[in-house]
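Reading through the structure tokens given below for one structure.
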Amino acid sequence: AQAKNAVFITIDDIDSFSLVKGEKTSDVGHLSEEETKEGFKKIIREDGSFKDWGGERSDLYSTRIIFKGKRIPSAVAFKGRGTTGKLVPAKMGKNGDQISRLFTEPAELFLIVYKGQIDSTVISQMRAFAIGAAMGGQKIYYGVVDGSDLGRIVSAYPNAFRQLK
């Protein structure tokens, strides 16, 4: 019964990113992990400071993302710096444990953002942790934002991704 409480979503399902609907993708090869995170913060109007360090649980934790008309506690992992090729769990954290760390956040929405292709094994691992997190009875939403979806976000919100000065 708990598996039905773990729901896969896409960026199109999140109210905060509603402008992506019908948007064509654009190239995001130039975007750094930091620029991507800062762009997301601008879109969701999050002004907190989030420092990168090896053992963090998430790169961005916020209660400002709007989903189904309400604010929802959300944990986001941005993959960028030094990550190339298709994203697989082994490339997520020094010990391949970044997904498990992400799901220790007190969140109901979990996202992984990467400017390239994301392997289905990442989604499978997220699903397993989402089912585990849903054991308490609450709905858990999880999803990925790959290069195509990130390109749609950049196209829809160009001002959020102006080069950081």
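Every chain in the structure tokens takes a letter, A first, then B, and so on in the order presented; its residues are numbered from 1, and the ligands are numbered from 1 following the presented order.
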
Write out as a ChimeraX atom specification the set of residues from region 7-117 of chain A that DSSP, computed on the backbone, places in strand (DSSP E or B). /A:7-8,60-67,70-79,87,109-114

Keeping N, CA and C atoms for every residue in the selection just given, could you write it to a file as a PDB file, in the first residue's frame?
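Below you can see out27.pdb, which holds the result:
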```pdb
ATOM      1  N   VAL A   7       5.278   8.811  -5.508  1.00  0.00           N
ATOM      2  CA  VAL A   7       4.769   9.236  -6.809  1.00  0.00           C
ATOM      3  C   VAL A   7       5.864   9.936  -7.614  1.00  0.00           C
ATOM      4  N   PHE A   8       6.135   9.387  -8.803  1.00  0.00           N
ATOM      5  CA  PHE A   8       7.103  10.015  -9.706  1.00  0.00           C
ATOM      6  C   PHE A   8       6.445  11.204 -10.391  1.00  0.00           C
ATOM      7  N   LEU A  60      19.959  22.009  -2.008  1.00  0.00           N
ATOM      8  CA  LEU A  60      18.961  23.047  -1.775  1.00  0.00           C
ATOM      9  C   LEU A  60      17.800  22.407  -1.021  1.00  0.00           C
ATOM     10  N   TYR A  61      17.543  22.926   0.174  1.00  0.00           N
ATOM     11  CA  TYR A  61      16.377  22.479   0.945  1.00  0.00           C
ATOM     12  C   TYR A  61      15.490  23.702   1.096  1.00  0.00           C
ATOM     13  N   SER A  62      14.226  23.580   0.732  1.00  0.00           N
ATOM     14  CA  SER A  62      13.352  24.744   0.761  1.00  0.00           C
ATOM     15  C   SER A  62      11.901  24.345   1.009  1.00  0.00           C
ATOM     16  N   THR A  63      11.157  25.260   1.612  1.00  0.00           N
ATOM     17  CA  THR A  63       9.714  25.089   1.749  1.00  0.00           C
ATOM     18  C   THR A  63       8.994  26.063   0.816  1.00  0.00           C
ATOM     19  N   ARG A  64       9.707  26.593  -0.173  1.00  0.00           N
ATOM     20  CA  ARG A  64       9.147  27.606  -1.067  1.00  0.00           C
ATOM     21  C   ARG A  64       8.645  27.056  -2.404  1.00  0.00           C
ATOM     22  N   ILE A  65       8.901  25.794  -2.713  1.00  0.00           N
ATOM     23  CA  ILE A  65       8.401  25.226  -3.967  1.00  0.00           C
ATOM     24  C   ILE A  65       6.888  25.029  -3.834  1.00  0.00           C
ATOM     25  N   ILE A  66       6.153  25.461  -4.858  1.00  0.00           N
ATOM     26  CA  ILE A  66       4.696  25.306  -4.871  1.00  0.00           C
ATOM     27  C   ILE A  66       4.359  24.075  -5.705  1.00  0.00           C
ATOM     28  N   PHE A  67       3.619  23.155  -5.097  1.00  0.00           N
ATOM     29  CA  PHE A  67       3.224  21.905  -5.759  1.00  0.00           C
ATOM     30  C   PHE A  67       1.772  21.643  -5.396  1.00  0.00           C
ATOM     31  N   LYS A  70       0.188  24.291  -3.106  1.00  0.00           N
ATOM     32  CA  LYS A  70       0.672  24.507  -1.736  1.00  0.00           C
ATOM     33  C   LYS A  70       2.195  24.460  -1.690  1.00  0.00           C
ATOM     34  N   ARG A  71       2.751  25.134  -0.685  1.00  0.00           N
ATOM     35  CA  ARG A  71       4.196  25.022  -0.450  1.00  0.00           C
ATOM     36  C   ARG A  71       4.479  23.629   0.098  1.00  0.00           C
ATOM     37  N   ILE A  72       5.608  23.059  -0.342  1.00  0.00           N
ATOM     38  CA  ILE A  72       5.946  21.692   0.060  1.00  0.00           C
ATOM     39  C   ILE A  72       7.426  21.635   0.435  1.00  0.00           C
ATOM     40  N   PRO A  73       7.761  20.989   1.558  1.00  0.00           N
ATOM     41  CA  PRO A  73       9.179  20.854   1.901  1.00  0.00           C
ATOM     42  C   PRO A  73       9.881  20.006   0.831  1.00  0.00           C
ATOM     43  N   SER A  74      10.968  20.578   0.270  1.00  0.00           N
ATOM     44  CA  SER A  74      11.619  19.971  -0.879  1.00  0.00           C
ATOM     45  C   SER A  74      13.130  19.904  -0.699  1.00  0.00           C
ATOM     46  N   ALA A  75      13.716  18.807  -1.174  1.00  0.00           N
ATOM     47  CA  ALA A  75      15.167  18.620  -1.159  1.00  0.00           C
ATOM     48  C   ALA A  75      15.624  18.379  -2.595  1.00  0.00           C
ATOM     49  N   VAL A  76      16.630  19.158  -3.009  1.00  0.00           N
ATOM     50  CA  VAL A  76      17.116  19.078  -4.383  1.00  0.00           C
ATOM     51  C   VAL A  76      18.617  18.816  -4.371  1.00  0.00           C
ATOM     52  N   ALA A  77      19.047  17.876  -5.219  1.00  0.00           N
ATOM     53  CA  ALA A  77      20.470  17.635  -5.432  1.00  0.00           C
ATOM     54  C   ALA A  77      20.807  18.088  -6.847  1.00  0.00           C
ATOM     55  N   PHE A  78      21.821  18.945  -6.958  1.00  0.00           N
ATOM     56  CA  PHE A  78      22.287  19.401  -8.269  1.00  0.00           C
ATOM     57  C   PHE A  78      23.588  18.677  -8.579  1.00  0.00           C
ATOM     58  N   LYS A  79      23.646  18.040  -9.722  1.00  0.00           N
ATOM     59  CA  LYS A  79      24.885  17.384 -10.145  1.00  0.00           C
ATOM     60  C   LYS A  79      25.490  18.230 -11.238  1.00  0.00           C
ATOM     61  N   LEU A  87      24.334  10.197 -16.054  1.00  0.00           N
ATOM     62  CA  LEU A  87      24.359  10.171 -14.587  1.00  0.00           C
ATOM     63  C   LEU A  87      23.862   8.823 -14.084  1.00  0.00           C
ATOM     64  N   LEU A 109       9.092  16.298  -1.279  1.00  0.00           N
ATOM     65  CA  LEU A 109       9.420  16.368  -2.702  1.00  0.00           C
ATOM     66  C   LEU A 109      10.936  16.299  -2.842  1.00  0.00           C
ATOM     67  N   PHE A 110      11.401  15.380  -3.678  1.00  0.00           N
ATOM     68  CA  PHE A 110      12.833  15.158  -3.880  1.00  0.00           C
ATOM     69  C   PHE A 110      13.139  15.249  -5.372  1.00  0.00           C
ATOM     70  N   LEU A 111      14.145  16.059  -5.728  1.00  0.00           N
ATOM     71  CA  LEU A 111      14.528  16.217  -7.126  1.00  0.00           C
ATOM     72  C   LEU A 111      16.031  16.066  -7.293  1.00  0.00           C
ATOM     73  N   ILE A 112      16.421  15.480  -8.411  1.00  0.00           N
ATOM     74  CA  ILE A 112      17.821  15.465  -8.819  1.00  0.00           C
ATOM     75  C   ILE A 112      17.893  16.197 -10.150  1.00  0.00           C
ATOM     76  N   VAL A 113      18.806  17.173 -10.228  1.00  0.00           N
ATOM     77  CA  VAL A 113      18.948  18.022 -11.402  1.00  0.00           C
ATOM     78  C   VAL A 113      20.341  17.818 -11.993  1.00  0.00           C
ATOM     79  N   TYR A 114      20.385  17.503 -13.292  1.00  0.00           N
ATOM     80  CA  TYR A 114      21.658  17.258 -13.977  1.00  0.00           C
ATOM     81  C   TYR A 114      21.528  17.729 -15.419  1.00  0.00           C
TER      82      TYR A 114
END
```

Write out as a tab-separated table the residues of region 2-84 of chain A that have any atom within 7 Å of an atom of region 130-143 of chain A, one row each with the nearest atom pair and its distance in Å to one decimal, counting only C-alpha atoms, sorted by chain and then rising number.
```
residue	atom	partner	partner_atom	distance
A:Gln2	CA	A:Met135	CA	5.6
A:Ala3	CA	A:Ile131	CA	5.3
A:Asn5	CA	A:Lys139	CA	4.5
A:Ala6	CA	A:Ile140	CA	4.9
A:Val7	CA	A:Tyr141	CA	4.8
A:Phe8	CA	A:Tyr142	CA	5.1
A:Ile9	CA	A:Gly143	CA	5.2
A:Thr10	CA	A:Gly143	CA	5.7
```

Ala160 (chain A) surroundings by only C-alpha atoms, 9 Å radius, close-in-sequence under 5 positions cut, as a list in words: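 My reading of the contact set: Glu38, Gly39, Phe40, Lys41, Lys42, Ile43 and Val154 of chain A.
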
Contacts of region 147-151 of chain A at 6 Å (only C-alpha atoms; same-chain gap of 6+ positions) as a ChimeraX atom specification: /A:25-28,115-116

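Our summary of the geometry notes that CA of Gly48 (chain A) is positioned 22.0 Å from CA of Gly69 (chain A).
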
Expected answer as a ChimeraX atom specification: alpha helix (DSSP H) residues in region 83-124 of chain A: /A:98-102,120-124
